[in-house]
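Heads up, target.txt below (compact mmCIF, C-alpha atoms and all ligand atoms):
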```txt
# COMPACT_ATOMS: atom_id res chain seq x y z
CA MET R 1 -10.72 -13.58 5.44
CA TYR R 2 -10.76 -9.99 4.18
CA LEU R 3 -8.23 -10.35 1.36
CA GLU R 4 -7.55 -13.67 -0.29
CA VAL R 5 -5.33 -14.33 -3.29
CA ARG R 6 -5.60 -17.75 -4.96
CA ASN R 7 -3.17 -19.20 -7.46
CA LEU R 8 -2.34 -15.82 -8.96
CA VAL R 9 -0.31 -15.93 -12.17
CA LYS R 10 1.01 -12.93 -14.09
CA TYR R 11 3.00 -12.77 -17.31
CA TYR R 12 4.74 -9.81 -18.87
CA GLY R 13 5.73 -9.60 -22.52
CA GLU R 14 4.62 -11.45 -25.63
CA GLU R 15 5.63 -14.68 -27.38
CA GLU R 16 9.38 -15.39 -27.03
CA ASN R 17 9.70 -12.46 -24.61
CA LYS R 18 6.88 -13.73 -22.40
CA VAL R 19 7.99 -14.07 -18.78
CA LYS R 20 6.01 -15.50 -15.89
CA VAL R 21 6.60 -13.04 -13.05
CA LEU R 22 4.01 -14.33 -10.55
CA LYS R 23 3.97 -18.12 -10.49
CA GLY R 24 0.90 -19.09 -8.50
CA ILE R 25 0.64 -16.83 -5.47
CA ASP R 26 -1.61 -17.89 -2.59
CA CYS R 27 -1.91 -15.58 0.38
CA SER R 28 -4.44 -13.98 2.68
CA VAL R 29 -4.73 -11.00 5.01
CA GLU R 30 -7.34 -10.40 7.69
CA LYS R 31 -9.27 -7.17 8.21
CA GLY R 32 -7.20 -4.63 10.10
CA GLN R 33 -3.90 -6.45 9.72
CA ILE R 34 -0.66 -4.78 8.73
CA CYS R 35 1.07 -7.10 6.28
CA VAL R 36 4.66 -6.57 5.18
CA LEU R 37 5.74 -7.93 1.80
CA LEU R 38 9.46 -8.61 1.51
CA GLY R 39 11.66 -10.09 -1.17
CA PRO R 40 14.60 -9.33 -3.42
CA SER R 41 14.38 -6.90 -6.28
CA GLY R 42 12.40 -8.41 -9.15
CA SER R 43 10.65 -11.01 -6.99
CA GLY R 44 7.23 -9.58 -7.89
CA LYS R 45 6.25 -7.48 -4.87
CA SER R 46 5.07 -4.39 -6.74
CA THR R 47 3.34 -6.51 -9.38
CA LEU R 48 1.36 -8.32 -6.68
CA LEU R 49 0.51 -5.03 -4.97
CA ASN R 50 -0.64 -3.45 -8.23
CA ILE R 51 -2.85 -6.43 -9.07
CA ILE R 52 -4.44 -6.36 -5.62
CA GLY R 53 -4.89 -2.63 -6.20
CA GLY R 54 -6.69 -3.21 -9.48
CA ILE R 55 -4.15 -1.19 -11.48
CA GLU R 56 -2.75 -4.22 -13.29
CA GLU R 57 -4.57 -7.23 -14.67
CA LEU R 58 -3.95 -10.81 -13.62
CA ASP R 59 -3.63 -13.68 -16.09
CA GLU R 60 -4.80 -16.56 -13.90
CA GLY R 61 -6.20 -16.98 -10.42
CA GLU R 62 -8.63 -15.16 -8.20
CA ILE R 63 -8.60 -12.31 -5.71
CA PHE R 64 -11.33 -11.89 -3.13
CA VAL R 65 -11.77 -8.65 -1.22
CA ASP R 66 -14.42 -8.71 1.46
CA GLY R 67 -15.99 -11.73 -0.27
CA LYS R 68 -16.05 -10.16 -3.73
CA GLU R 69 -13.95 -11.49 -6.61
CA ILE R 70 -12.10 -8.57 -8.19
CA GLY R 71 -9.68 -10.38 -10.53
CA HIS R 72 -12.10 -10.61 -13.42
CA MET R 73 -13.95 -7.31 -13.23
CA ASN R 74 -14.33 -5.06 -16.27
CA SER R 75 -12.66 -1.67 -16.21
CA LYS R 76 -15.76 0.15 -14.95
CA GLU R 77 -16.19 -2.29 -12.07
CA LEU R 78 -12.49 -2.06 -11.32
CA SER R 79 -12.47 1.69 -11.10
CA LEU R 80 -15.43 1.51 -8.71
CA TYR R 81 -13.57 -1.11 -6.69
CA ARG R 82 -10.50 1.13 -6.48
CA ARG R 83 -12.60 4.13 -5.55
CA ASN R 84 -14.50 2.33 -2.80
CA ASN R 85 -11.83 0.12 -1.32
CA LEU R 86 -8.33 1.36 -1.94
CA GLY R 87 -5.80 3.96 -0.95
CA PHE R 88 -2.30 4.07 -2.44
CA VAL R 89 0.91 5.45 -0.98
CA PHE R 90 4.10 5.42 -3.03
CA GLN R 91 7.75 6.23 -2.43
CA PHE R 92 7.28 9.60 -4.11
CA TYR R 93 4.43 11.68 -2.88
CA ASN R 94 2.87 12.94 -6.13
CA LEU R 95 1.12 15.86 -4.46
CA VAL R 96 -0.50 18.57 -6.55
CA PRO R 97 2.04 21.44 -6.32
CA ASN R 98 -0.38 24.35 -6.43
CA LEU R 99 -2.76 22.97 -3.81
CA SER R 100 -2.27 23.31 -0.07
CA VAL R 101 -1.97 20.33 2.27
CA LYS R 102 -5.64 20.56 3.12
CA GLU R 103 -6.67 20.91 -0.52
CA ASN R 104 -4.50 17.96 -1.59
CA ILE R 105 -6.40 15.83 0.91
CA GLU R 106 -9.79 17.31 0.03
CA VAL R 107 -9.29 16.37 -3.63
CA CYS R 108 -10.01 12.76 -2.69
CA GLU R 109 -12.76 13.46 -0.18
CA TYR R 110 -15.48 13.52 -2.84
CA LEU R 111 -14.61 9.94 -3.83
CA SER R 112 -16.36 8.63 -0.73
CA LYS R 113 -19.89 8.77 0.55
CA ALA R 114 -18.52 8.59 4.08
CA PRO R 115 -15.13 10.36 4.16
CA LEU R 116 -13.19 10.85 7.35
CA ASP R 117 -13.45 14.20 9.10
CA ILE R 118 -10.74 16.24 7.35
CA ASP R 119 -9.70 18.38 10.33
CA ASP R 120 -9.48 15.35 12.61
CA LEU R 121 -7.46 13.51 9.97
CA ILE R 122 -5.06 16.44 9.50
CA LYS R 123 -4.50 16.50 13.26
CA THR R 124 -3.93 12.71 13.28
CA LEU R 125 -1.37 13.22 10.51
CA GLY R 126 0.44 15.83 12.61
CA LEU R 127 -0.06 18.43 9.91
CA TRP R 128 -2.43 20.86 11.57
CA GLU R 129 0.02 23.77 11.66
CA HIS R 130 1.05 23.05 8.06
CA LYS R 131 -2.41 22.62 6.58
CA ASP R 132 -2.27 25.80 4.47
CA LYS R 133 1.25 25.27 3.14
CA PHE R 134 2.07 24.09 -0.37
CA PRO R 135 4.08 20.91 -1.02
CA ASN R 136 7.31 22.81 -1.81
CA GLN R 137 7.14 24.37 1.66
CA LEU R 138 7.16 20.93 3.33
CA SER R 139 9.85 18.40 4.24
CA GLY R 140 9.81 14.96 2.61
CA GLY R 141 8.26 13.45 5.73
CA GLN R 142 5.53 16.09 5.84
CA GLN R 143 4.79 15.51 2.16
CA GLN R 144 4.50 11.79 2.78
CA ARG R 145 2.13 12.48 5.72
CA CYS R 146 0.00 14.51 3.33
CA ALA R 147 0.10 11.70 0.74
CA ILE R 148 -1.02 9.25 3.44
CA GLY R 149 -3.87 11.61 4.34
CA ARG R 150 -4.93 11.83 0.72
CA ALA R 151 -5.00 8.03 0.49
CA LEU R 152 -6.89 7.71 3.76
CA VAL R 153 -9.54 10.42 3.55
CA LYS R 154 -12.06 8.20 1.83
CA ASN R 155 -11.46 5.65 4.61
CA PRO R 156 -10.48 2.77 2.33
CA GLY R 157 -10.66 -0.82 3.52
CA ILE R 158 -7.18 -1.41 2.12
CA LEU R 159 -4.18 0.88 2.15
CA LEU R 160 -1.40 -0.21 -0.20
CA CYS R 161 2.03 1.25 0.48
CA ASP R 162 4.88 0.69 -1.99
CA GLU R 163 8.17 1.64 -0.33
CA PRO R 164 6.52 4.41 1.73
CA THR R 165 9.79 5.27 3.46
CA GLY R 166 12.03 4.67 0.44
CA ALA R 167 12.87 8.35 -0.02
CA LEU R 168 13.16 9.26 3.66
CA ASP R 169 15.99 9.34 6.21
CA TYR R 170 16.07 7.12 9.30
CA ALA R 171 14.26 9.40 11.77
CA THR R 172 11.61 10.48 9.27
CA SER R 173 11.05 6.88 8.16
CA LYS R 174 10.31 5.95 11.76
CA GLU R 175 7.85 8.82 12.08
CA ILE R 176 6.02 7.66 8.95
CA LEU R 177 5.93 4.07 10.25
CA GLU R 178 4.55 5.33 13.57
CA LEU R 179 1.88 7.20 11.62
CA ILE R 180 0.98 4.06 9.65
CA GLU R 181 0.71 2.15 12.95
CA LYS R 182 -1.46 4.91 14.42
CA VAL R 183 -3.90 5.08 11.50
CA ASN R 184 -4.15 1.28 11.46
CA LYS R 185 -5.23 1.36 15.11
CA LYS R 186 -7.56 4.31 14.66
CA TYR R 187 -9.26 3.43 11.36
CA ASN R 188 -8.69 -0.37 11.24
CA ASN R 189 -7.65 -0.35 7.57
CA THR R 190 -5.93 -3.43 6.23
CA ILE R 191 -2.46 -2.23 5.27
CA ILE R 192 0.02 -3.89 2.92
CA ILE R 193 3.54 -2.49 2.89
CA VAL R 194 6.10 -3.42 0.24
CA THR R 195 9.59 -2.71 1.46
CA HIS R 196 13.26 -3.59 1.17
CA ASN R 197 13.73 -2.71 4.84
CA ASP R 198 13.68 -6.00 6.70
CA ALA R 199 13.21 -4.29 10.10
CA ILE R 200 9.72 -3.07 9.16
CA LYS R 201 8.45 -6.65 9.34
CA ASN R 202 8.73 -6.46 13.14
CA MET R 203 5.83 -3.99 13.38
CA ALA R 204 3.56 -6.11 11.14
CA HIS R 205 0.87 -8.58 12.14
CA LYS R 206 1.70 -10.68 9.12
CA ILE R 207 4.81 -11.19 7.02
CA MET R 208 5.10 -12.55 3.50
CA LYS R 209 8.32 -13.25 1.67
CA LEU R 210 8.41 -13.49 -2.10
CA HIS R 211 11.15 -15.04 -4.18
CA ASP R 212 11.10 -15.38 -7.94
CA GLY R 213 7.33 -14.89 -8.19
CA LYS R 214 6.41 -17.29 -5.39
CA VAL R 215 5.53 -16.90 -1.72
CA ILE R 216 8.33 -18.71 0.09
CA LYS R 217 7.22 -17.76 3.61
CA GLU R 218 3.96 -16.49 5.11
CA TYR R 219 3.50 -16.21 8.87
CA GLU R 220 1.84 -14.27 11.66
CA ASN R 221 4.16 -12.17 13.82
CA LYS R 222 3.92 -13.25 17.46
CA ASN R 223 6.19 -10.50 18.80
CA ILE R 224 4.99 -7.22 17.34
CA VAL R 225 7.41 -4.37 18.01
CA PRO R 226 6.03 -0.80 18.14
CA ALA R 227 7.25 1.25 15.16
CA LYS R 228 8.99 3.65 17.57
CA GLU R 229 11.26 0.83 18.76
CA LEU R 230 12.27 -0.47 15.34
CA GLU R 231 15.98 -0.33 14.57
CA TRP R 232 17.97 -0.87 11.43
N1 LIG R 301 5.70 -3.56 -17.22
C1 LIG R 301 6.56 -4.59 -17.20
N2 LIG R 301 6.93 -5.22 -18.35
C2 LIG R 301 7.78 -6.25 -18.35
N3 LIG R 301 8.33 -6.77 -17.22
C3 LIG R 301 8.01 -6.19 -16.05
C4 LIG R 301 7.13 -5.06 -15.98
N4 LIG R 301 7.00 -4.70 -14.68
C5 LIG R 301 7.78 -5.54 -13.98
N5 LIG R 301 8.39 -6.43 -14.80
C6 LIG R 301 9.29 -7.53 -14.38
O1 LIG R 301 8.56 -8.34 -13.47
C7 LIG R 301 9.40 -8.79 -12.43
C8 LIG R 301 8.81 -8.37 -11.08
O2 LIG R 301 8.85 -6.96 -10.95
P1 LIG R 301 8.35 -6.19 -9.66
O3 LIG R 301 8.52 -4.73 -9.93
O4 LIG R 301 7.03 -6.69 -9.29
O5 LIG R 301 9.42 -6.69 -8.59
P2 LIG R 301 9.72 -6.10 -7.14
O6 LIG R 301 9.90 -7.28 -6.25
O7 LIG R 301 8.67 -5.11 -6.75
O8 LIG R 301 11.11 -5.40 -7.40
P3 LIG R 301 11.75 -4.07 -6.71
O9 LIG R 301 11.98 -4.47 -5.29
O10 LIG R 301 13.03 -3.88 -7.47
O11 LIG R 301 10.77 -2.96 -6.88
C9 LIG R 301 10.78 -8.20 -12.68
O12 LIG R 301 11.57 -9.17 -13.32
C10 LIG R 301 10.50 -7.05 -13.63
O13 LIG R 301 11.58 -6.83 -14.47
```
Would you mind writing the file out in structure tokens?
Ligand SMILES: Nc1ncnc2c1ncn2[C@@H]1O[C@H](COP(=O)(O)OP(=O)(O)OP(=O)(O)O)[C@@H](O)[C@H]1O
Amino acid sequence: MYLEVRNLVKYYGEEENKVKVLKGIDCSVEKGQICVLLGPSGSGKSTLLNIIGGIEELDEGEIFVDGKEIGHMNSKELSLYRRNNLGFVFQFYNLVPNLSVKENIEVCEYLSKAPLDIDDLIKTLGLWEHKDKFPNQLSGGQQQRCAIGRALVKNPGILLCDEPTGALDYATSKEILELIEKVNKKYNNTIIIVTHNDAIKNMAHKIMKLHDGKVIKEYENKNIVPAKELEW
């Protein structure tokens, strides 16, 4: 198993304000799988994603990535783990405004000893004719493509996407989902998508539902629907 979470517990707050937000999460994702994480607001999706991503600490439990336990690393080890293994995509693109598309992607190239070929990646992203433009000259979908490229250039084992289509309209959301499907096939990254859009689960290999800090459902999808054919 590529990613394995065991009995993960997370609290926020102190003393009388202390709240248990993850209440013993067990889950696993295989190499190259797309996993969709669903659940109502406040159920703990982003917290789980951020702990897997090494940007928040866990209180109890273990997380194994490619056989290595990452839940109890010190901050130096964690930053190396993030650098070597992870790409992040968020709802808002957070591009550097005074850098071009190509430069925004190149910023992260140095993080890897074996980055992807930038020109090939930009073509895969569908941004070749926009590569010299600045973020404010791009549509929301194009900016998100660029953000995906920035996350992918170091060819991370895991791509974490928190509401990647949250700020996009229907048609553009589908284009971004098609791109995620395409990069998964091409680069075989394990991809975890947090979303409120129930339809996205149909393109995933694996689906997990959270409720009140617990996994209430975890299953493999037997009838994967291509992103292009998703409807909502
Ligand atoms: N930094 C924090 N301090 C205190 N409580 C927090 C913090 N971050 C999140 N929480 C609480 O933890 C719980 C889980 O939050 P989380 O953001 O993981 O949920 P979510 O399922 O991703 O929600 P949404 O779909 O609304 O983004 C919520 O009750 C939230 O209020």
Rows by chain and residue number, stretch 140-232 of chain R within 12 Å of stretch 55-71 of chain R, shortest pair, only C-alpha atoms, as JSON lines:
```
{"residue": "R:Gly157", "atom": "CA", "partner": "R:Asp66", "partner_atom": "CA", "distance": 9.0}
{"residue": "R:Ile158", "atom": "CA", "partner": "R:Val65", "partner_atom": "CA", "distance": 9.2}
{"residue": "R:Leu160", "atom": "CA", "partner": "R:Ile55", "partner_atom": "CA", "distance": 11.7}
{"residue": "R:Thr190", "atom": "CA", "partner": "R:Val65", "partner_atom": "CA", "distance": 10.8}
```
Output C-alpha atoms for every residue in that selection, as a compact mmCIF listing (two decimals), keeping the file's coordinate frame.
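Writing done, so here's again-v3.txt:
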```txt
# COMPACT_ATOMS: atom_id res chain seq x y z
CA GLY R 157 -10.66 -0.82 3.52
CA ILE R 158 -7.18 -1.41 2.12
CA LEU R 160 -1.40 -0.21 -0.20
CA THR R 190 -5.93 -3.43 6.23
```
Nearby residues (all atoms listed in the file) at most 8 Å from R:Asn184, same-chain spacing under 4 positions excluded, as a VMD selection string:
chain R and resid 32 to 34 180 188 to 191
Taking all atoms listed in the file into account, report as an MDAnalysis selection string which residues have an atom no farther than 7 Å from an atom of ligand LIG 301 (chain R).
chainID R and resid 12:13 21 39:48 196
In Å and to one decimal, atom CA of R:Leu95 is distant from atom CA of R:Leu3 by 28.4 Å
Computed interatomic separation between atom CA of R:Ala199 and atom CA of R:Gly24 (Å)
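So the answer is 26.8 Å.
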Closest atom pairs, stretch 136-161 of chain R residues within 9 Å of stretch 166-179 of chain R, only C-alpha atoms, as a tab-separated table:
```
residue	atom	partner	partner_atom	distance
R:Gly140	CA	R:Leu168	CA	6.7
R:Gly141	CA	R:Thr172	CA	5.7
R:Gln142	CA	R:Thr172	CA	9.0
R:Gln144	CA	R:Ile176	CA	7.6
R:Arg145	CA	R:Ile176	CA	7.0
R:Ile148	CA	R:Leu179	CA	8.9
```
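Using all atoms listed in the file, the protein and nucleic acid residues lying at most 7 Å from the point (6.2, -20.5, -11.2) are Lys20, Leu22, Lys23, Gly24, Gly213 and Lys214 of chain R.
Atom to atom, atom CA of R:Lys228 and atom CA of R:Phe90 stand 21.2 Å apart.
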Could you list, as a PyMOL selection string, every residue within 10 Å of R:Ile192, counting all atoms listed in the file and ignoring same-chain residues fewer than 6 positions away?
chain R and resi 29+33-37+49+52+88+158-162+204+206-207
Residue with the minimum atom-to-atom distance to R:Met1, picked from R:Ile216, R:Cys27, R:Ile224, R:Ala114 with all atoms listed in the file counted, is R:Cys27
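Across R:Lys31, R:Lys154, R:Lys133, R:Lys186, the tightest approach to R:Val96 is made by R:Lys133 when counting all atoms listed in the file.
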